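K.L.:
Here you go, this is entry35.cif (mmCIF, C-alpha atoms).
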data_upload
loop_
_atom_site.label_atom_id
_atom_site.label_comp_id
_atom_site.auth_asym_id
_atom_site.auth_seq_id
_atom_site.Cartn_x
_atom_site.Cartn_y
_atom_site.Cartn_z
CA MET G 167 17.64 1.04 5.53
CA GLU G 168 19.31 -1.53 3.34
CA LYS G 169 18.15 -3.05 0.08
CA VAL G 170 16.90 -6.64 0.50
CA GLU G 171 15.43 -9.34 -1.72
CA LEU G 172 11.65 -9.36 -2.23
CA SER G 173 11.41 -12.77 -0.58
CA LYS G 174 13.24 -11.83 2.62
CA TYR G 175 10.17 -10.54 4.51
CA ILE G 176 7.37 -11.90 2.35
CA GLY G 177 6.05 -14.16 5.14
CA GLU G 178 5.98 -11.40 7.74
CA THR G 179 4.45 -8.96 5.26
CA GLU G 180 1.71 -11.39 4.26
CA LYS G 181 0.92 -12.14 7.90
CA LEU G 182 0.47 -8.44 8.71
CA LEU G 183 -1.53 -7.90 5.52
CA ARG G 184 -4.08 -10.41 6.84
CA ASN G 185 -3.88 -9.29 10.47
CA GLY G 186 -3.76 -5.55 11.11
CA GLY G 187 -2.87 -4.28 7.67
CA LEU G 188 -0.14 -2.45 5.84
CA LEU G 189 0.12 1.18 4.76
CA LEU G 190 -0.17 2.10 1.08
CA VAL G 191 1.42 5.52 0.51
CA THR G 192 1.24 7.70 -2.58
CA GLU G 193 0.89 11.30 -3.63
CA GLY G 194 -0.71 13.01 -6.59
CA LYS G 195 -0.02 16.19 -8.49
CA THR G 196 -0.12 18.33 -5.34
CA GLY G 197 2.84 16.49 -3.82
CA VAL G 198 0.99 15.95 -0.52
CA PRO G 199 1.47 12.34 0.65
CA ASN G 200 -1.45 10.21 1.75
CA ALA G 201 -1.54 6.84 3.50
CA MET G 202 -4.30 4.23 3.35
CA THR G 203 -4.49 1.01 5.35
CA ILE G 204 -4.74 -2.09 3.15
CA GLY G 205 -5.69 -5.60 4.13
CA TRP G 206 -5.76 -7.14 0.66
CA GLY G 207 -2.90 -7.63 -1.76
CA LEU G 208 -0.66 -10.13 -3.45
CA MET G 209 3.11 -10.44 -3.73
CA GLY G 210 4.87 -12.57 -6.25
CA VAL G 211 6.31 -12.80 -9.73
CA MET G 212 4.61 -11.60 -12.92
CA TRP G 213 6.24 -11.16 -16.30
CA SER G 214 9.45 -12.48 -14.68
CA GLN G 215 9.50 -9.47 -12.33
CA PRO G 216 8.61 -8.95 -8.64
CA PHE G 217 5.13 -7.46 -8.12
CA PHE G 218 2.94 -6.22 -5.29
CA VAL G 219 -0.71 -6.05 -6.37
CA VAL G 220 -2.94 -3.72 -4.36
CA ALA G 221 -6.70 -3.19 -4.54
CA VAL G 222 -8.05 0.36 -4.26
CA ARG G 223 -11.72 1.26 -4.59
CA LYS G 224 -12.53 3.97 -7.14
CA SER G 225 -14.24 6.02 -4.41
CA ARG G 226 -11.04 6.30 -2.36
CA TYR G 227 -8.86 9.40 -2.42
CA THR G 228 -5.86 7.09 -2.86
CA TYR G 229 -7.33 5.97 -6.21
CA LYS G 230 -7.11 9.55 -7.53
CA LEU G 231 -3.54 9.91 -6.29
CA ILE G 232 -2.28 6.65 -7.82
CA GLU G 233 -4.00 7.56 -11.09
CA GLU G 234 -2.04 10.83 -11.08
CA SER G 235 1.34 9.42 -10.06
CA ASN G 236 1.46 5.75 -11.13
CA LYS G 237 3.70 5.09 -8.13
CA PHE G 238 3.27 3.93 -4.56
CA THR G 239 5.02 2.39 -1.61
CA VAL G 240 3.78 -0.31 0.70
CA CYS G 241 5.00 0.28 4.24
CA VAL G 242 5.06 -2.49 6.81
CA PRO G 243 4.15 -0.89 10.15
CA SER G 244 6.23 -1.24 13.27
CA ASN G 245 5.09 -1.93 16.81
CA GLY G 246 3.10 0.99 18.15
CA MET G 247 1.46 1.99 14.85
CA LYS G 248 -1.97 0.54 15.63
CA GLU G 249 -3.61 3.99 15.88
CA ILE G 250 -2.01 5.06 12.59
CA LEU G 251 -3.41 1.95 10.89
CA GLN G 252 -6.83 2.66 12.40
CA VAL G 253 -6.94 6.30 11.28
CA CYS G 254 -5.52 5.59 7.82
CA GLY G 255 -8.14 2.88 7.38
CA THR G 256 -11.12 5.00 8.43
CA LYS G 257 -10.36 8.62 7.49
CA SER G 258 -9.98 10.09 4.01
CA GLY G 259 -7.08 12.19 2.81
CA ARG G 260 -9.73 14.39 1.16
CA ASP G 261 -10.75 15.51 4.65
CA MET G 262 -7.46 15.57 6.53
CA ASP G 263 -3.71 15.62 6.05
CA LYS G 264 -2.96 12.30 7.73
CA PHE G 265 0.78 12.90 7.83
CA LYS G 266 0.34 16.22 9.61
CA GLU G 267 -2.41 15.05 11.96
CA LEU G 268 -0.62 11.82 12.91
CA GLY G 269 2.86 13.32 13.12
CA LEU G 270 4.17 11.14 10.29
CA LYS G 271 7.26 12.03 8.29
CA ALA G 272 7.29 11.35 4.56
CA VAL G 273 10.62 10.27 3.10
CA ARG G 274 11.35 10.06 -0.65
CA GLY G 275 11.84 6.56 -1.98
CA LYS G 276 15.29 5.59 -3.16
CA SER G 277 14.25 3.63 -6.25
CA VAL G 278 10.81 5.15 -6.96
CA ASP G 279 9.81 8.80 -6.69
CA ALA G 280 7.07 8.12 -4.14
CA PRO G 281 6.96 8.77 -0.41
CA TYR G 282 7.12 6.26 2.40
CA ILE G 283 6.57 6.60 6.13
CA GLU G 284 9.67 7.06 8.25
CA GLY G 285 9.75 4.49 11.03
CA CYS G 286 8.26 1.63 9.04
CA PRO G 287 10.90 -1.13 9.11
CA ILE G 288 10.12 -2.59 5.66
CA ILE G 289 9.29 -0.63 2.50
CA TYR G 290 8.24 -1.92 -0.94
CA GLU G 291 8.79 0.73 -3.64
CA CYS G 292 6.55 0.22 -6.68
CA ASP G 293 5.86 1.63 -10.14
CA VAL G 294 2.45 0.80 -11.61
CA ALA G 295 3.12 -1.49 -14.58
CA TYR G 296 -0.48 -2.55 -15.19
CA LYS G 297 -3.92 -1.83 -13.81
CA THR G 298 -7.33 -3.29 -14.30
CA GLN G 299 -10.76 -2.37 -13.07
CA VAL G 300 -12.97 -5.01 -11.45
CA GLU G 301 -16.44 -4.79 -12.97
CA LYS G 302 -19.83 -6.29 -12.13
CA GLY G 303 -19.79 -9.97 -13.06
CA ASP G 304 -15.98 -10.27 -13.04
CA VAL G 305 -15.76 -12.16 -9.75
CA ALA G 306 -17.60 -15.13 -8.30
CA LEU G 307 -21.14 -14.24 -7.26
CA LYS G 308 -20.47 -15.10 -3.62
CA ILE G 309 -17.54 -12.65 -3.52
CA GLU G 310 -19.48 -9.99 -5.39
CA GLU G 311 -22.38 -10.23 -2.95
CA ALA G 312 -20.04 -10.03 0.04
CA VAL G 313 -17.67 -7.30 -1.16
CA TYR G 314 -19.42 -5.22 -3.81
CA ARG G 315 -23.00 -4.73 -2.62
CA SER G 316 -22.59 -0.97 -2.96
CA GLY G 317 -21.21 -1.22 -6.50
CA ASP G 318 -17.91 0.38 -5.42
CA TYR G 319 -15.46 -1.88 -7.26
CA HIS G 320 -11.68 -2.00 -6.91
CA ALA G 321 -8.97 -1.10 -9.33
CA LEU G 322 -6.11 -3.59 -9.12
CA TYR G 323 -2.72 -1.93 -9.41
CA TYR G 324 0.17 -4.20 -10.33
CA GLY G 325 3.07 -2.50 -8.60
CA TRP G 326 6.38 -3.49 -10.17
CA VAL G 327 8.59 -3.72 -7.10
CA LYS G 328 11.69 -1.73 -7.99
CA ALA G 329 13.25 -2.30 -4.57
CA VAL G 330 12.56 -3.49 -1.05
CA TYR G 331 14.29 -1.72 1.81
CA ALA G 332 14.43 -2.85 5.40
CA GLU G 333 16.07 -1.88 8.64
CA PRO G 334 18.74 -4.40 9.66
CA ASP G 335 16.63 -5.56 12.65
CA ALA G 336 13.25 -5.20 10.87
CA ALA G 337 11.74 -8.45 12.12
CA SER G 338 12.18 -7.41 15.75
CA LYS G 339 10.19 -4.20 15.15
CA LEU G 340 7.06 -5.84 13.72
CA PRO G 341 3.81 -6.16 15.67
#
If you took the structure in this file and wrote it as structure tokens, what would it be?
P.N.:
Amino acid sequence: MEKVELSKYIGETEKLLRNGGLLLVTEGKTGVPNAMTIGWGLMGVMWSQPFFVVAVRKSRYTYKLIEESNKFTVCVPSNGMKEILQVCGTKSGRDMDKFKELGLKAVRGKSVDAPYIEGCPIIYECDVAYKTQVEKGDVALKIEEAVYRSGDYHALYYGWVKAVYAEPDAASKLP
């Protein structure tokens, strides 16, 4: 893995975010990593720094872990990770050790003390710089009716991208 600019794979990352998803990885006080599939997020510049904003519902196990650690990685999956995305998007880390069950290997980040998934060709390493909780009435009514019928609102974590790492041939390994 080599360090690359945030903008190098932003197009590919955004495309997969909208079509198939990415893997948000974090760990809490126990040190056991957990991965969650995400299909919503934003990349860009805030406060003159690179950011990756992720949305995590308060009911999710990942919410608890990010609250404990204030760090996460966003892993861009490679070809052949469709089942991993499916399981990480439908099963909770409260009920299973996804890394163990899926045969995933956690690797320590180089710039942030958070795990990432070995074999993912692009990794965004993030420290939480800011967070906000979406509340009833905060978003347009049409969105609220479509997304928040259950009342399970998202926390938005502004991940300050400390580094982006990619395999030299990362683009060729993407779905």
K.L.:
At a cut-off of 10 Å, using all atoms listed in the file, what residues contact G:Val211? Leave out same-chain residues fewer than 5 positions from it and give the result as a PyMOL selection string.
P.N.:
chain G and resi 172+216-218+326-327
K.L.:
Please write the residues picked by the PyMOL selection byres ((chain G and resi 321) around 10) on this file as a PDB file with C-alpha atoms, keeping the file's coordinate frame.
P.N.:
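So part.pdb came out as:
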ATOM      1  CA  VAL G 220      -2.940  -3.720  -4.360  1.00  0.00           C
ATOM      2  CA  ALA G 221      -6.700  -3.190  -4.540  1.00  0.00           C
ATOM      3  CA  VAL G 222      -8.050   0.360  -4.260  1.00  0.00           C
ATOM      4  CA  ARG G 223     -11.720   1.260  -4.590  1.00  0.00           C
ATOM      5  CA  LYS G 224     -12.530   3.970  -7.140  1.00  0.00           C
ATOM      6  CA  TYR G 229      -7.330   5.970  -6.210  1.00  0.00           C
ATOM      7  CA  LYS G 297      -3.920  -1.830 -13.810  1.00  0.00           C
ATOM      8  CA  THR G 298      -7.330  -3.290 -14.300  1.00  0.00           C
ATOM      9  CA  GLN G 299     -10.760  -2.370 -13.070  1.00  0.00           C
ATOM     10  CA  VAL G 300     -12.970  -5.010 -11.450  1.00  0.00           C
ATOM     11  CA  GLU G 301     -16.440  -4.790 -12.970  1.00  0.00           C
ATOM     12  CA  ASP G 318     -17.910   0.380  -5.420  1.00  0.00           C
ATOM     13  CA  TYR G 319     -15.460  -1.880  -7.260  1.00  0.00           C
ATOM     14  CA  HIS G 320     -11.680  -2.000  -6.910  1.00  0.00           C
ATOM     15  CA  LEU G 322      -6.110  -3.590  -9.120  1.00  0.00           C
ATOM     16  CA  TYR G 323      -2.720  -1.930  -9.410  1.00  0.00           C
ATOM     17  CA  TYR G 324       0.170  -4.200 -10.330  1.00  0.00           C
TER      18      TYR G 324
END
K.L.:
Any chance you could work out the residue set of the PyMOL selection byres ((chain G and resi 170) around 7) here, as a count of residues only?
P.N.:
8
K.L.:
For atom CA of G:Asp263 and atom CA of G:Thr192, determine how far apart the two atoms are, in Å to one decimal place.
P.N.:
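Going from atom CA of G:Asp263 over to atom CA of G:Thr192, I get 12.7 Å.
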K.L.:
Pick the closest to G:Met247 from G:Gly186, G:Gly325, G:Gly303, G:Gly259: which is it, counting all atoms listed in the file?
P.N.:
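Selected residue with least distance to G:Met247: G:Gly186.
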K.L.:
For a test of reading the model, state the distance in Å between atom CA of G:Leu251 and atom CA of G:Thr203, rounded to one decimal.
P.N.:
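So the two atoms, atom CA of G:Leu251 and atom CA of G:Thr203, lie 5.7 Å apart.
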K.L.:
In Å, how far is it from atom CA of G:Gly317 to atom CA of G:Val219?
P.N.:
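Separating atom CA of G:Gly317 from atom CA of G:Val219 is a distance of 21.1 Å.
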K.L.:
G:Ala336, G:Ile250, G:Ala306, G:Cys241: which is nearest G:Pro281, counting all atoms listed in the file?
P.N.:
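Ranked by minimum distance to G:Pro281, first place goes to G:Cys241.
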K.L.:
Using only C-alpha atoms for the distances, tell me which of G:Val278, G:Ser316, G:Leu340, G:Ser235 is nearest to G:Asn185.
P.N.:
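Among the listed residues, the smallest separation from G:Asn185 belongs to G:Leu340.
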K.L.:
Would you list the contacts of stretch 274-276 of chain G as a ChimeraX atom specification, taking every protein, DNA or RNA residue within 12 Å and counting all atoms listed in the file, but skipping same-chain residues closer than 5 positions in sequence?
P.N.:
/G:167-169,191-193,197-199,237-241,281-284,289-293,327-331
K.L.:
Between G:Ala295, G:Leu307, G:Ile288, G:Met212, which is the closest to G:Asp335 once you count only C-alpha atoms?
P.N.:
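Once distances to G:Asp335 are computed over only C-alpha atoms, the minimum belongs to G:Ile288.
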K.L.:
When the PyMOL selection byres ((chain G and resi 258) around 12) is applied to the file above, which residues end up in the set, as a PyMOL selection string?
P.N.:
chain G and resi 200-203+225-230+252-257+259-265
K.L.:
Enclose all atoms of stretch 263-266 of chain G listed in the file in an axis-aligned box, grow every side by 3 Å, and hand back centre and edge lengths in Å to one decimal, as JSON.
P.N.:
{"center_x": -1.5, "center_y": 14.3, "center_z": 7.8, "size_x": 10.5, "size_y": 9.9, "size_z": 9.6}
K.L.:
Closest to G:Leu189 among G:Lys248, G:Lys302, G:Lys308, G:Arg315, using all atoms listed in the file?
P.N.:
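With all atoms listed in the file as the atom set, the closest residue is G:Lys248.
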K.L.:
For G:Leu208, which residue out of G:Glu180, G:Asp279, G:Glu267, G:Glu234 is the nearest one, using all atoms listed in the file?
P.N.:
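Closest candidate: G:Glu180.
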